[in-house]
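Text of data-v2.cif, listed as mmCIF, C-alpha atoms:
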```cif
data_data
loop_
_atom_site.label_atom_id
_atom_site.label_comp_id
_atom_site.auth_asym_id
_atom_site.auth_seq_id
_atom_site.Cartn_x
_atom_site.Cartn_y
_atom_site.Cartn_z
CA MET A 1 -53.20 -278.04 -21.46
CA ASP A 2 -55.78 -277.84 -18.67
CA LEU A 3 -53.26 -275.85 -16.66
CA VAL A 4 -52.82 -273.33 -19.47
CA LEU A 5 -56.59 -272.97 -19.98
CA SER A 6 -57.08 -272.61 -16.27
CA GLY A 7 -54.33 -270.00 -16.21
CA PHE A 8 -56.09 -268.02 -18.94
CA LYS A 9 -59.38 -268.30 -17.06
CA GLN A 10 -57.83 -267.12 -13.82
CA ALA A 11 -56.04 -264.26 -15.58
CA PHE A 12 -59.33 -263.20 -17.08
CA LEU A 13 -61.06 -263.38 -13.69
CA LEU A 14 -58.25 -261.47 -11.97
CA ILE A 15 -58.57 -258.70 -14.54
CA ILE A 16 -62.38 -258.63 -14.31
CA ARG A 17 -62.32 -258.52 -10.51
CA LEU A 18 -59.65 -255.80 -10.55
CA ASP A 19 -58.02 -257.36 -7.52
CA ARG A 20 -56.42 -254.56 -5.47
CA GLU A 21 -53.24 -256.49 -4.66
CA LEU A 22 -52.83 -257.50 -8.28
CA LEU A 23 -53.30 -253.92 -9.42
CA ARG A 24 -50.72 -252.77 -6.90
CA ILE A 25 -48.25 -255.34 -8.20
CA ILE A 26 -48.89 -254.37 -11.84
CA LEU A 27 -48.59 -250.66 -11.07
CA LEU A 28 -45.34 -251.15 -9.15
CA SER A 29 -43.92 -253.22 -12.02
CA LEU A 30 -44.79 -250.47 -14.50
CA LYS A 31 -43.55 -247.67 -12.23
CA VAL A 32 -40.21 -249.35 -11.55
CA SER A 33 -39.63 -250.24 -15.21
CA ALA A 34 -40.75 -246.81 -16.46
CA ALA A 35 -38.53 -244.95 -13.99
CA ALA A 36 -35.55 -247.16 -14.87
CA LEU A 37 -36.23 -246.75 -18.58
CA PHE A 38 -36.43 -242.97 -18.20
CA ILE A 39 -33.06 -242.85 -16.41
CA ALA A 40 -31.48 -245.24 -18.93
CA ALA A 41 -32.81 -243.18 -21.86
CA VAL A 42 -31.72 -239.83 -20.40
CA PHE A 43 -28.13 -241.06 -20.10
CA GLY A 44 -28.03 -243.82 -22.72
CA VAL A 45 -29.33 -241.98 -25.80
CA PRO A 46 -26.86 -239.06 -25.52
CA LEU A 47 -24.00 -241.48 -24.79
CA GLY A 48 -24.88 -243.60 -27.82
CA ALA A 49 -25.08 -240.45 -29.96
CA VAL A 50 -21.76 -239.06 -28.72
CA VAL A 51 -19.94 -242.36 -29.27
CA GLY A 52 -21.52 -242.61 -32.72
CA LEU A 53 -20.68 -239.07 -33.79
CA ARG A 54 -17.38 -238.18 -32.14
CA ARG A 55 -13.97 -239.60 -32.90
CA PHE A 56 -11.84 -240.07 -29.78
CA PRO A 57 -9.10 -242.40 -28.55
CA LEU A 58 -10.32 -245.84 -27.46
CA ARG A 59 -13.64 -245.31 -29.21
CA GLY A 60 -13.60 -248.92 -30.42
CA ALA A 61 -13.04 -250.10 -26.86
CA ALA A 62 -15.97 -247.96 -25.67
CA VAL A 63 -18.24 -249.52 -28.30
CA SER A 64 -17.11 -253.04 -27.36
CA LEU A 65 -17.70 -252.27 -23.68
CA MET A 66 -21.23 -251.00 -24.39
CA ASN A 67 -22.02 -254.09 -26.47
CA THR A 68 -20.61 -256.41 -23.83
CA MET A 69 -22.61 -254.73 -21.09
CA MET A 70 -25.79 -255.45 -23.01
CA GLY A 71 -25.39 -259.03 -21.87
CA LEU A 72 -24.87 -258.21 -18.20
CA PRO A 73 -26.29 -261.10 -16.14
CA PRO A 74 -29.07 -259.62 -13.97
CA VAL A 75 -28.14 -261.70 -10.93
CA VAL A 76 -24.59 -260.38 -11.07
CA VAL A 77 -25.89 -256.81 -11.24
CA GLY A 78 -28.25 -257.61 -8.35
CA LEU A 79 -25.45 -259.12 -6.30
CA PHE A 80 -23.11 -256.21 -6.97
CA LEU A 81 -25.76 -253.67 -6.01
CA TYR A 82 -26.69 -255.75 -2.95
CA ILE A 83 -23.08 -255.51 -1.74
CA LEU A 84 -23.06 -251.76 -2.39
CA LEU A 85 -26.43 -251.08 -0.76
CA SER A 86 -26.34 -253.53 2.15
CA ARG A 87 -25.99 -252.02 5.61
CA SER A 88 -22.25 -252.83 5.74
CA GLY A 89 -21.69 -251.72 2.12
CA PRO A 90 -20.31 -248.35 0.99
CA LEU A 91 -23.81 -247.03 0.17
CA GLY A 92 -25.55 -248.74 3.06
CA PHE A 93 -26.14 -245.43 4.88
CA MET A 94 -28.69 -244.52 2.21
CA GLY A 95 -31.04 -247.25 3.40
CA LEU A 96 -32.10 -248.19 -0.13
CA LEU A 97 -31.86 -251.97 0.05
CA TYR A 98 -35.25 -253.71 -0.23
CA THR A 99 -36.96 -250.57 -1.55
CA PRO A 100 -38.41 -249.80 -5.00
CA SER A 101 -35.58 -247.26 -5.43
CA ALA A 102 -33.01 -250.06 -5.28
CA MET A 103 -35.02 -251.93 -7.90
CA VAL A 104 -35.03 -248.83 -10.14
CA ILE A 105 -31.25 -248.51 -9.79
CA ALA A 106 -30.75 -252.19 -10.68
CA GLN A 107 -33.01 -251.96 -13.71
CA SER A 108 -31.40 -248.71 -14.86
CA VAL A 109 -28.01 -250.44 -14.80
CA LEU A 110 -29.42 -253.24 -16.96
CA ALA A 111 -31.28 -250.98 -19.41
CA PHE A 112 -28.58 -248.32 -19.82
CA PRO A 113 -26.16 -250.35 -22.01
CA ILE A 114 -29.05 -251.61 -24.17
CA VAL A 115 -30.30 -248.08 -24.85
CA ALA A 116 -26.76 -246.71 -25.34
CA SER A 117 -25.55 -249.50 -27.60
CA LEU A 118 -28.65 -249.69 -29.80
CA SER A 119 -28.83 -245.86 -30.01
CA HIS A 120 -25.19 -245.88 -31.09
CA SER A 121 -26.03 -248.40 -33.83
CA ALA A 122 -29.00 -246.28 -34.93
CA VAL A 123 -26.83 -243.15 -35.15
CA MET A 124 -24.09 -245.03 -37.01
CA GLY A 125 -26.73 -246.16 -39.52
CA VAL A 126 -27.51 -242.58 -40.56
CA ASP A 127 -25.92 -241.55 -43.87
CA PRO A 128 -22.91 -239.29 -43.07
CA VAL A 129 -24.14 -236.87 -45.73
CA ILE A 130 -26.95 -235.82 -43.34
CA ARG A 131 -24.43 -234.30 -40.92
CA GLN A 132 -22.59 -232.62 -43.79
CA ALA A 133 -25.84 -231.27 -45.23
CA ALA A 134 -26.75 -229.76 -41.86
CA LEU A 135 -23.30 -228.16 -41.58
CA THR A 136 -23.50 -226.71 -45.10
CA LEU A 137 -26.79 -225.05 -44.14
CA GLY A 138 -25.15 -223.28 -41.20
CA ALA A 139 -25.69 -225.75 -38.35
CA THR A 140 -23.33 -225.70 -35.38
CA PRO A 141 -21.72 -229.08 -34.62
CA PHE A 142 -24.34 -229.57 -31.88
CA GLN A 143 -27.23 -228.74 -34.24
CA ALA A 144 -25.76 -231.11 -36.82
CA ALA A 145 -25.62 -233.84 -34.16
CA ILE A 146 -29.29 -233.19 -33.34
CA ALA A 147 -30.11 -233.50 -37.07
CA VAL A 148 -28.39 -236.90 -37.16
CA LEU A 149 -30.14 -238.02 -33.97
CA ASN A 150 -33.45 -236.90 -35.49
CA GLU A 151 -32.78 -239.08 -38.54
CA ALA A 152 -32.05 -241.97 -36.19
CA ARG A 153 -35.21 -241.41 -34.15
CA TYR A 154 -36.98 -244.64 -35.15
CA GLY A 155 -33.88 -246.67 -34.34
CA VAL A 156 -33.57 -244.89 -31.00
CA MET A 157 -37.24 -245.61 -30.30
CA SER A 158 -36.59 -249.27 -31.04
CA ALA A 159 -33.69 -249.18 -28.57
CA VAL A 160 -36.02 -247.87 -25.89
CA ILE A 161 -38.65 -250.53 -26.73
CA ALA A 162 -36.03 -253.29 -26.54
CA ALA A 163 -34.87 -252.01 -23.15
CA PHE A 164 -38.44 -251.85 -21.88
CA GLY A 165 -38.99 -255.46 -22.92
CA ARG A 166 -35.92 -256.51 -21.00
CA LEU A 167 -37.00 -254.59 -17.91
CA MET A 168 -40.54 -255.95 -17.82
CA ALA A 169 -39.20 -259.50 -18.00
CA GLU A 170 -36.35 -258.98 -15.51
CA VAL A 171 -36.43 -260.90 -12.25
CA GLY A 172 -32.93 -261.74 -10.94
CA ALA A 173 -31.61 -258.30 -10.01
CA ILE A 174 -34.82 -256.91 -8.56
CA LEU A 175 -35.38 -260.07 -6.54
CA ILE A 176 -31.97 -259.64 -4.89
CA VAL A 177 -32.14 -255.89 -4.19
CA GLY A 178 -35.91 -255.66 -3.75
CA GLY A 179 -36.39 -258.77 -1.62
CA ASN A 180 -39.88 -259.50 -3.04
CA ILE A 181 -41.57 -257.99 0.01
CA ALA A 182 -45.38 -258.16 -0.19
CA GLY A 183 -46.94 -254.74 -0.40
CA LEU A 184 -43.59 -253.02 -0.86
CA THR A 185 -41.29 -254.49 -3.51
CA ARG A 186 -43.29 -257.34 -4.99
CA VAL A 187 -43.65 -256.99 -8.74
CA MET A 188 -45.10 -259.27 -11.40
CA THR A 189 -41.99 -261.27 -12.24
CA THR A 190 -40.99 -261.82 -8.60
CA THR A 191 -44.56 -262.82 -7.78
CA ILE A 192 -44.52 -265.35 -10.63
CA ALA A 193 -41.26 -266.79 -9.28
CA LEU A 194 -42.69 -266.99 -5.75
CA GLU A 195 -46.04 -268.52 -6.76
CA SER A 196 -44.25 -271.10 -8.94
CA ASP A 197 -42.09 -272.07 -5.96
CA LYS A 198 -45.23 -272.51 -3.90
CA GLY A 199 -46.75 -274.73 -6.59
CA ASN A 200 -49.47 -272.17 -7.31
CA PHE A 201 -49.03 -272.54 -11.06
CA GLU A 202 -52.45 -271.19 -12.01
CA LEU A 203 -51.82 -267.82 -10.39
CA ALA A 204 -48.25 -267.76 -11.70
CA LEU A 205 -49.48 -268.50 -15.20
CA ALA A 206 -52.25 -265.92 -14.87
CA LEU A 207 -49.70 -263.29 -13.87
CA GLY A 208 -47.46 -264.39 -16.75
CA ILE A 209 -50.32 -263.91 -19.20
CA ILE A 210 -51.10 -260.47 -17.78
CA LEU A 211 -47.40 -259.58 -18.02
CA LEU A 212 -47.34 -260.66 -21.65
CA MET A 213 -50.50 -258.68 -22.38
CA ILE A 214 -49.01 -255.53 -20.85
CA SER A 215 -45.78 -255.96 -22.82
CA LEU A 216 -47.78 -256.61 -25.96
CA ALA A 217 -49.96 -253.52 -25.39
CA VAL A 218 -46.97 -251.23 -24.75
CA ASN A 219 -45.11 -252.58 -27.76
CA ALA A 220 -48.20 -252.30 -29.95
CA VAL A 221 -48.65 -248.64 -28.99
CA LEU A 222 -44.99 -247.87 -29.68
CA TYR A 223 -45.10 -249.82 -32.93
CA LEU A 224 -48.15 -247.87 -34.07
CA LEU A 225 -46.44 -244.61 -33.16
CA GLN A 226 -43.40 -245.65 -35.18
CA ARG A 227 -45.51 -246.81 -38.07
CA SER A 228 -47.64 -243.70 -38.25
CA GLY A 229 -44.49 -241.55 -38.09
CA GLY A 230 -42.89 -243.63 -40.80
CA MET A 231 -45.92 -243.70 -43.06
CA LYS A 232 -46.38 -239.94 -42.86
CA ARG A 233 -42.88 -239.76 -44.25
CA GLY A 234 -43.57 -242.32 -46.91
CA ARG A 235 -41.65 -245.19 -45.36
CA SER A 236 -42.78 -248.60 -44.29
CA TRP A 237 -41.59 -249.58 -40.83
CA ALA A 238 -42.96 -253.07 -40.88
CA MET B 1 -21.15 -205.26 -48.84
CA GLY B 2 -20.63 -208.59 -50.63
CA LEU B 3 -18.17 -211.26 -49.64
CA ARG B 4 -14.90 -211.86 -51.43
CA LEU B 5 -13.33 -215.28 -51.18
CA GLU B 6 -9.62 -215.83 -51.50
CA ALA B 7 -8.27 -219.36 -51.70
CA SER B 8 -4.50 -219.52 -51.62
CA GLY B 9 -2.23 -222.51 -52.05
CA ILE B 10 -4.84 -225.12 -51.15
CA HIS B 11 -3.35 -228.60 -50.81
CA LYS B 12 -5.32 -231.66 -49.88
CA ALA B 13 -4.49 -235.37 -49.92
CA TYR B 14 -6.48 -238.43 -48.88
CA ASN B 15 -4.56 -241.48 -47.67
CA GLY B 16 -1.39 -240.10 -49.21
CA ASN B 17 -3.00 -239.41 -52.61
CA ALA B 18 -2.76 -235.74 -53.47
CA VAL B 19 -6.06 -234.33 -54.76
CA LEU B 20 -5.34 -230.62 -54.70
CA GLY B 21 -1.82 -229.38 -55.15
CA GLY B 22 -1.86 -225.64 -54.61
CA CYS B 23 -5.15 -224.14 -55.84
CA SER B 24 -5.36 -220.38 -55.59
CA PHE B 25 -8.08 -218.04 -56.77
CA SER B 26 -10.05 -214.99 -55.73
CA PHE B 27 -13.82 -215.14 -56.17
CA GLU B 28 -15.84 -211.94 -56.25
CA SER B 29 -19.48 -211.47 -57.19
CA GLY B 30 -20.62 -213.37 -60.27
CA VAL B 31 -21.26 -216.89 -61.45
CA TYR B 32 -18.24 -219.17 -61.80
CA ALA B 33 -18.08 -222.68 -63.20
CA LEU B 34 -15.46 -225.07 -61.93
CA MET B 35 -14.76 -227.79 -64.45
CA GLY B 36 -12.81 -230.98 -64.35
CA THR B 37 -13.05 -234.71 -64.74
CA ASN B 38 -14.51 -236.97 -62.07
CA GLY B 39 -12.20 -237.23 -59.09
CA CYS B 40 -10.12 -234.20 -60.04
CA GLY B 41 -10.86 -232.48 -56.72
CA LYS B 42 -13.77 -230.16 -57.59
CA SER B 43 -15.90 -231.31 -54.67
CA THR B 44 -12.96 -231.20 -52.27
CA PHE B 45 -12.16 -227.66 -53.37
CA LEU B 46 -15.78 -226.58 -52.86
CA ARG B 47 -15.95 -228.20 -49.37
CA ILE B 48 -12.75 -226.45 -48.36
CA CYS B 49 -13.95 -223.10 -49.75
CA ALA B 50 -17.28 -223.59 -47.96
CA LEU B 51 -15.37 -224.11 -44.68
CA ILE B 52 -16.75 -227.63 -44.24
CA GLU B 53 -13.34 -229.25 -44.55
CA ASP B 54 -9.85 -228.02 -43.66
CA PRO B 55 -7.03 -228.01 -46.22
CA ASP B 56 -3.75 -229.77 -45.42
CA MET B 57 -1.94 -226.62 -46.49
CA GLY B 58 -2.95 -223.19 -47.67
CA GLU B 59 -5.91 -221.16 -46.51
CA VAL B 60 -9.31 -219.83 -47.40
CA ASN B 61 -10.16 -216.31 -46.35
CA TYR B 62 -13.31 -214.27 -46.69
CA TYR B 63 -13.29 -210.51 -46.88
CA SER B 64 -16.01 -207.93 -46.59
CA GLY B 65 -14.40 -205.01 -48.44
CA ALA B 66 -10.90 -204.89 -47.00
CA LEU B 67 -11.94 -206.50 -43.71
CA LEU B 68 -10.76 -210.07 -43.14
CA LEU B 69 -13.63 -212.05 -41.58
CA GLU B 70 -13.24 -214.52 -38.77
CA LYS B 71 -14.11 -218.09 -39.79
CA ASP B 72 -16.86 -218.55 -37.25
CA ILE B 73 -20.48 -219.68 -37.36
CA LYS B 74 -21.56 -216.14 -38.38
CA LEU B 75 -19.46 -216.38 -41.53
CA ARG B 76 -20.50 -220.00 -42.18
CA ARG B 77 -24.10 -218.83 -42.16
CA ARG B 78 -23.40 -216.37 -44.96
CA ILE B 79 -22.26 -219.16 -47.30
CA THR B 80 -23.94 -222.41 -48.35
CA LEU B 81 -22.88 -225.49 -50.23
CA LEU B 82 -25.26 -227.82 -52.06
CA LEU B 83 -23.62 -231.24 -51.92
CA ALA B 84 -23.70 -233.55 -54.93
CA ASP B 85 -25.58 -235.99 -52.69
CA VAL B 86 -28.18 -233.57 -51.34
CA GLY B 87 -28.81 -235.41 -48.07
CA VAL B 88 -32.53 -234.79 -47.67
CA PHE B 89 -33.76 -235.10 -44.11
CA ASN B 90 -36.47 -237.62 -43.22
CA LEU B 91 -38.95 -234.77 -42.79
CA THR B 92 -41.55 -233.10 -44.96
CA VAL B 93 -40.43 -231.09 -47.98
CA LEU B 94 -41.40 -227.86 -46.18
CA LYS B 95 -39.43 -228.78 -43.06
CA ASN B 96 -36.44 -229.59 -45.23
CA ALA B 97 -36.69 -226.22 -46.95
CA SER B 98 -36.96 -224.41 -43.63
CA TYR B 99 -34.15 -226.29 -41.85
CA GLY B 100 -31.50 -223.62 -42.36
CA LEU B 101 -33.89 -220.94 -41.12
CA ARG B 102 -34.99 -222.99 -38.11
CA ILE B 103 -31.44 -223.45 -36.86
CA ARG B 104 -30.98 -219.69 -37.16
CA GLY B 105 -33.89 -219.27 -34.73
CA MET B 106 -36.13 -217.46 -37.22
CA ASP B 107 -39.69 -216.57 -36.25
CA LYS B 108 -42.15 -219.29 -37.31
CA ASN B 109 -44.28 -217.17 -39.63
CA GLU B 110 -41.35 -215.61 -41.44
CA LEU B 111 -39.69 -219.02 -41.63
CA ARG B 112 -42.74 -220.54 -43.26
CA GLN B 113 -43.08 -217.68 -45.70
CA ARG B 114 -39.41 -217.84 -46.74
CA ALA B 115 -39.43 -221.64 -47.04
CA GLU B 116 -42.63 -221.62 -49.11
CA SER B 117 -41.23 -218.95 -51.36
CA ALA B 118 -38.07 -221.06 -51.87
CA LEU B 119 -40.25 -224.08 -52.70
CA GLU B 120 -42.21 -222.02 -55.22
CA PHE B 121 -38.91 -221.03 -56.80
CA ALA B 122 -38.02 -224.73 -57.02
CA GLY B 123 -41.45 -225.71 -58.35
CA LEU B 124 -42.08 -227.95 -55.37
CA ILE B 125 -44.69 -225.97 -53.46
CA HIS B 126 -47.38 -228.55 -54.35
CA LYS B 127 -45.33 -231.17 -52.53
CA LYS B 128 -44.59 -229.17 -49.40
CA ASP B 129 -46.37 -231.61 -47.08
CA HIS B 130 -44.98 -234.74 -48.72
CA SER B 131 -42.15 -236.72 -47.26
CA ALA B 132 -38.87 -235.54 -48.76
CA LEU B 133 -37.92 -239.21 -49.09
CA THR B 134 -40.64 -239.73 -51.68
CA LEU B 135 -39.11 -237.18 -54.10
CA SER B 136 -37.35 -238.29 -57.27
CA SER B 137 -33.61 -237.61 -57.48
CA GLY B 138 -34.24 -234.57 -59.68
CA GLU B 139 -36.82 -233.19 -57.26
CA ALA B 140 -34.50 -233.89 -54.34
CA ARG B 141 -31.81 -231.86 -56.09
CA ARG B 142 -34.31 -229.02 -56.58
CA LEU B 143 -35.24 -229.28 -52.91
CA GLY B 144 -31.55 -229.01 -52.06
CA ILE B 145 -31.34 -225.78 -54.03
CA ALA B 146 -34.53 -224.49 -52.38
CA ARG B 147 -33.08 -225.33 -48.97
CA ALA B 148 -29.90 -223.44 -49.84
CA VAL B 149 -31.69 -220.47 -51.41
CA ALA B 150 -34.05 -220.13 -48.41
CA VAL B 151 -31.17 -219.03 -46.18
CA GLU B 152 -30.22 -216.35 -48.72
CA PRO B 153 -26.47 -217.03 -48.79
CA GLU B 154 -24.07 -214.44 -50.11
CA VAL B 155 -21.86 -217.16 -51.56
CA LEU B 156 -23.47 -220.31 -52.91
CA PHE B 157 -21.52 -223.39 -53.94
CA LEU B 158 -23.27 -225.97 -56.10
CA ASP B 159 -21.57 -229.34 -56.48
CA GLU B 160 -22.68 -231.09 -59.69
CA PRO B 161 -26.23 -229.73 -59.43
CA THR B 162 -27.49 -231.58 -62.51
CA ALA B 163 -25.48 -234.81 -62.46
CA TYR B 164 -27.40 -238.08 -62.87
CA ILE B 165 -30.82 -236.48 -63.30
CA ASP B 166 -33.20 -236.33 -66.25
CA ARG B 167 -33.16 -233.55 -68.82
CA ARG B 168 -36.39 -231.92 -67.59
CA ASN B 169 -35.07 -231.56 -64.02
CA SER B 170 -31.71 -230.51 -65.37
CA GLU B 171 -33.34 -227.70 -67.36
CA LEU B 172 -35.39 -226.63 -64.36
CA ILE B 173 -32.26 -226.48 -62.21
CA GLU B 174 -30.37 -224.48 -64.81
CA GLU B 175 -33.31 -222.10 -64.95
CA MET B 176 -33.21 -221.78 -61.16
CA ILE B 177 -29.49 -221.02 -61.23
CA SER B 178 -29.98 -218.43 -63.99
CA ASN B 179 -32.70 -216.75 -61.92
CA MET B 180 -30.60 -216.53 -58.77
CA LYS B 181 -29.72 -213.06 -57.68
CA LYS B 182 -26.86 -214.12 -55.47
CA GLU B 183 -23.65 -212.19 -55.07
CA THR B 184 -21.45 -215.18 -55.85
CA VAL B 185 -22.34 -218.61 -57.22
CA ILE B 186 -19.68 -221.25 -57.84
CA ILE B 187 -20.82 -224.34 -59.73
CA ALA B 188 -18.77 -227.51 -60.03
CA THR B 189 -19.67 -229.38 -63.19
CA HIS B 190 -18.11 -231.64 -65.76
CA ASP B 191 -20.52 -230.45 -68.47
CA GLU B 192 -18.68 -227.83 -70.53
CA ALA B 193 -21.77 -226.63 -72.39
CA GLN B 194 -23.58 -226.12 -69.12
CA ALA B 195 -20.60 -224.26 -67.68
CA ARG B 196 -20.64 -221.87 -70.65
CA ARG B 197 -24.43 -221.41 -70.43
CA LEU B 198 -24.48 -220.58 -66.73
CA ALA B 199 -21.22 -218.98 -65.79
CA GLY B 200 -19.58 -215.68 -66.55
CA ARG B 201 -16.20 -217.27 -65.91
CA VAL B 202 -15.10 -220.86 -66.38
CA LEU B 203 -12.21 -222.36 -64.41
CA SER B 204 -10.88 -225.87 -64.48
CA ILE B 205 -8.95 -228.08 -62.14
CA GLU B 206 -6.21 -230.03 -63.84
CA GLY B 207 -3.49 -231.95 -62.05
CA GLY B 208 -4.68 -230.61 -58.73
CA ARG B 209 -4.32 -226.97 -59.79
CA LEU B 210 -6.78 -224.32 -60.91
CA ALA B 211 -6.39 -223.10 -64.46
#
```
Would you kindly transcribe this structure into structure tokens?
Amino acid sequence: MDLVLSGFKQAFLLIIRLDRELLRIILLSLKVSAAALFIAAVFGVPLGAVVGLRRFPLRGAAVSLMNTMMGLPPVVVGLFLYILLSRSGPLGFMGLLYTPSAMVIAQSVLAFPIVASLSHSAVMGVDPVIRQAALTLGATPFQAAIAVLNEARYGVMSAVIAAFGRLMAEVGAILIVGGNIAGLTRVMTTTIALESDKGNFELALALGIILLMISLAVNAVLYLLQRSGGMKRGRSWA
Amino acid sequence: MGLRLEASGIHKAYNGNAVLGGCSFSFESGVYALMGTNGCGKSTFLRICALIEDPDMGEVNYYSGALLLEKDIKLRRRITLLLADVGVFNLTVLKNASYGLRIRGMDKNELRQRAESALEFAGLIHKKDHSALTLSSGEARRLGIARAVAVEPEVLFLDEPTAYIDRRNSELIEEMISNMKKETVIIATHDEAQARRLAGRVLSIEGGRLA
């Protein structure tokens, strides 16, 4: 219990002091996760919508693949990307290994199936009459698809929140492709892993608490956005 | 010039069960009522005529005078179908009413004016900023009509516009239909008295055919 209290105290002090290194680590964590989330959302939301709205051969297989990929083990993704990006690998000439870019790629790979699969579920949850209603009012198939996606917006937002949560907590893949290099690729989760290895539990715990607070703050903001949007429309999103 | 609709030899089956077995009719300007029991194929016939669904056999053609019109988005935007299940969007009442205009790229001011005027017609102007999901089923049906009327269709299909709603809303909707100045209105209903009140011509679907 003393360790936990001490961790809280140190976290508080680290925040108060605004330690430059700590800030750098936090900012890099947020930047990497936000960039990966952006890429995953740009490709994942449309893919989820297309799979949800279009009928095509092997659609069931595509859905199963997306769902399966949600459980991709981060270390396997990290290892695979390491082989691709290492100097002797097929993409080694790009010199991305042990850079934040490699970490963004790894996290995008992890977030993409989460965003795509949960967006697909959100789109599938929309009453089919919405698409028909849009078509009867003169919508093109694309405009009708946008109408359906608009109805699914809170579900899609939840997909993005879920992916962000996964990214903020991810350590395996970014440790392998980022290398946890101080001042370059060290982020909160990899720092926690390193400090725990060194027996510096107070700092590790402090960073863990800060990580939780950031996740909580981001989720609270998104939740409030969802809630206010829902309440304006007369729905409870609790 | 108004649109003329010709449906010829429309066949439709679902999972091997024939619903329509050769419906043919020519609709010109006026109000028509399409009667029949539940499940007789009224809604299917309307969806096919409104170009939302393809028939298995037969065809639906629209003419402007003697000119056969291509079944493209331009033609689809001259006709509107109000589904039995309206399908209100999770938006405000005003945004629902203006949806058809928005997708046509109408100027914002004109769009607002037209949508508000449609809501006044439906007696829902006082609820324009409310969520459409908070409306009662009768109000939702009126919103559906407002949404359809806002785009000023030349042919309007109404699928069971007063089914499962209270008498007050039913009367309001009948009043709205009577006040419509559309070229062609085709109403599917199973209420014979209503069909006689609203329509100049009453048709019925029996055994998959129009009579």
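Picked by the PyMOL selection byres ((chain B and resi 200) around 12) from the coordinates shown: Phe27, Glu28, Ser29, Gly30, Val31, Tyr32, Ala33, Leu34, Ser178, Thr184, Val185, Ile186, Ile187, Gln194, Ala195, Arg196, Arg197, Leu198, Ala199, Arg201, Val202 and Leu203 of chain B.
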Q | Matched chain/residue IDs from the PyMOL selection byres ((chain B and resi 116) around 8), as a ChimeraX atom specification | A | /B:94,97,112-115,117-120,125,128
**Q.** Shell around Leu211 (chain A) at 10 Å using only C-alpha atoms, local window under 4 positions removed, as a ChimeraX atom specification
**A.** /A:26,29,168-169,188-189,192,205-207,215-217
Kindly export the residues of the current selection with C-alpha atoms, as a PDB file, in the frame of the given file.
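That gives us part-v4.pdb:
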```pdb
ATOM      1  CA  ILE A  26     -48.890-254.370 -11.840  1.00  0.00           C
ATOM      2  CA  SER A  29     -43.920-253.220 -12.020  1.00  0.00           C
ATOM      3  CA  MET A 168     -40.540-255.950 -17.820  1.00  0.00           C
ATOM      4  CA  ALA A 169     -39.200-259.500 -18.000  1.00  0.00           C
ATOM      5  CA  MET A 188     -45.100-259.270 -11.400  1.00  0.00           C
ATOM      6  CA  THR A 189     -41.990-261.270 -12.240  1.00  0.00           C
ATOM      7  CA  ILE A 192     -44.520-265.350 -10.630  1.00  0.00           C
ATOM      8  CA  LEU A 205     -49.480-268.500 -15.200  1.00  0.00           C
ATOM      9  CA  ALA A 206     -52.250-265.920 -14.870  1.00  0.00           C
ATOM     10  CA  LEU A 207     -49.700-263.290 -13.870  1.00  0.00           C
ATOM     11  CA  SER A 215     -45.780-255.960 -22.820  1.00  0.00           C
ATOM     12  CA  LEU A 216     -47.780-256.610 -25.960  1.00  0.00           C
ATOM     13  CA  ALA A 217     -49.960-253.520 -25.390  1.00  0.00           C
TER      14      ALA A 217
END
```
Q: State, in Å with one decimal place, the distance from CA of Gly48 (chain A) to CA of Ala36 (chain A).
A: 17.2 Å
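CA of Val177 (chain A) is found 9.5 Å from CA of Val77 (chain A).
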List the residues selected by the PyMOL selection byres ((chain A and resi 130) around 10) in the file shown, writing them as a CSV table (one decimal) with C-alpha atoms, in the frame of the given file.
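As a result, out24.csv now contains:
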```
chain,number,residue,atom,x,y,z
A,126,VAL,CA,-27.5,-242.6,-40.6
A,127,ASP,CA,-25.9,-241.6,-43.9
A,128,PRO,CA,-22.9,-239.3,-43.1
A,129,VAL,CA,-24.1,-236.9,-45.7
A,131,ARG,CA,-24.4,-234.3,-40.9
A,132,GLN,CA,-22.6,-232.6,-43.8
A,133,ALA,CA,-25.8,-231.3,-45.2
A,134,ALA,CA,-26.8,-229.8,-41.9
A,135,LEU,CA,-23.3,-228.2,-41.6
A,136,THR,CA,-23.5,-226.7,-45.1
A,144,ALA,CA,-25.8,-231.1,-36.8
A,145,ALA,CA,-25.6,-233.8,-34.2
A,147,ALA,CA,-30.1,-233.5,-37.1
A,148,VAL,CA,-28.4,-236.9,-37.2
A,151,GLU,CA,-32.8,-239.1,-38.5
B,85,ASP,CA,-25.6,-236.0,-52.7
B,86,VAL,CA,-28.2,-233.6,-51.3
B,87,GLY,CA,-28.8,-235.4,-48.1
B,88,VAL,CA,-32.5,-234.8,-47.7
B,89,PHE,CA,-33.8,-235.1,-44.1
B,90,ASN,CA,-36.5,-237.6,-43.2
```
Q) Which residues, written as a count of residues only, have at least one atom at most 8 Å from Arg147 (chain B), with all atoms listed in the file counted and residues fewer than 3 positions away on the same chain left out? A) 12
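Across the model, the gap from CA of Lys95 (chain B) to CA of Asn219 (chain A) is 28.9 Å.
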Q) What's the 6 Å shell around region 110-124 of chain A, counting all atoms listed in the file, without same-chain residues fewer than 3 positions away, as a PyMOL selection string? A) chain A and resi 40+44-45+47-49+52+66-67+69-70+107+152+155-156+159-160+163
Q: Dump as a VMD selection string all residues having an atom at most 10 Å from (-33.0, -231.5, -61.3), computed in the file's coordinates with only C-alpha atoms.
A: chain B and resid 122 136 to 145 161 to 174 176
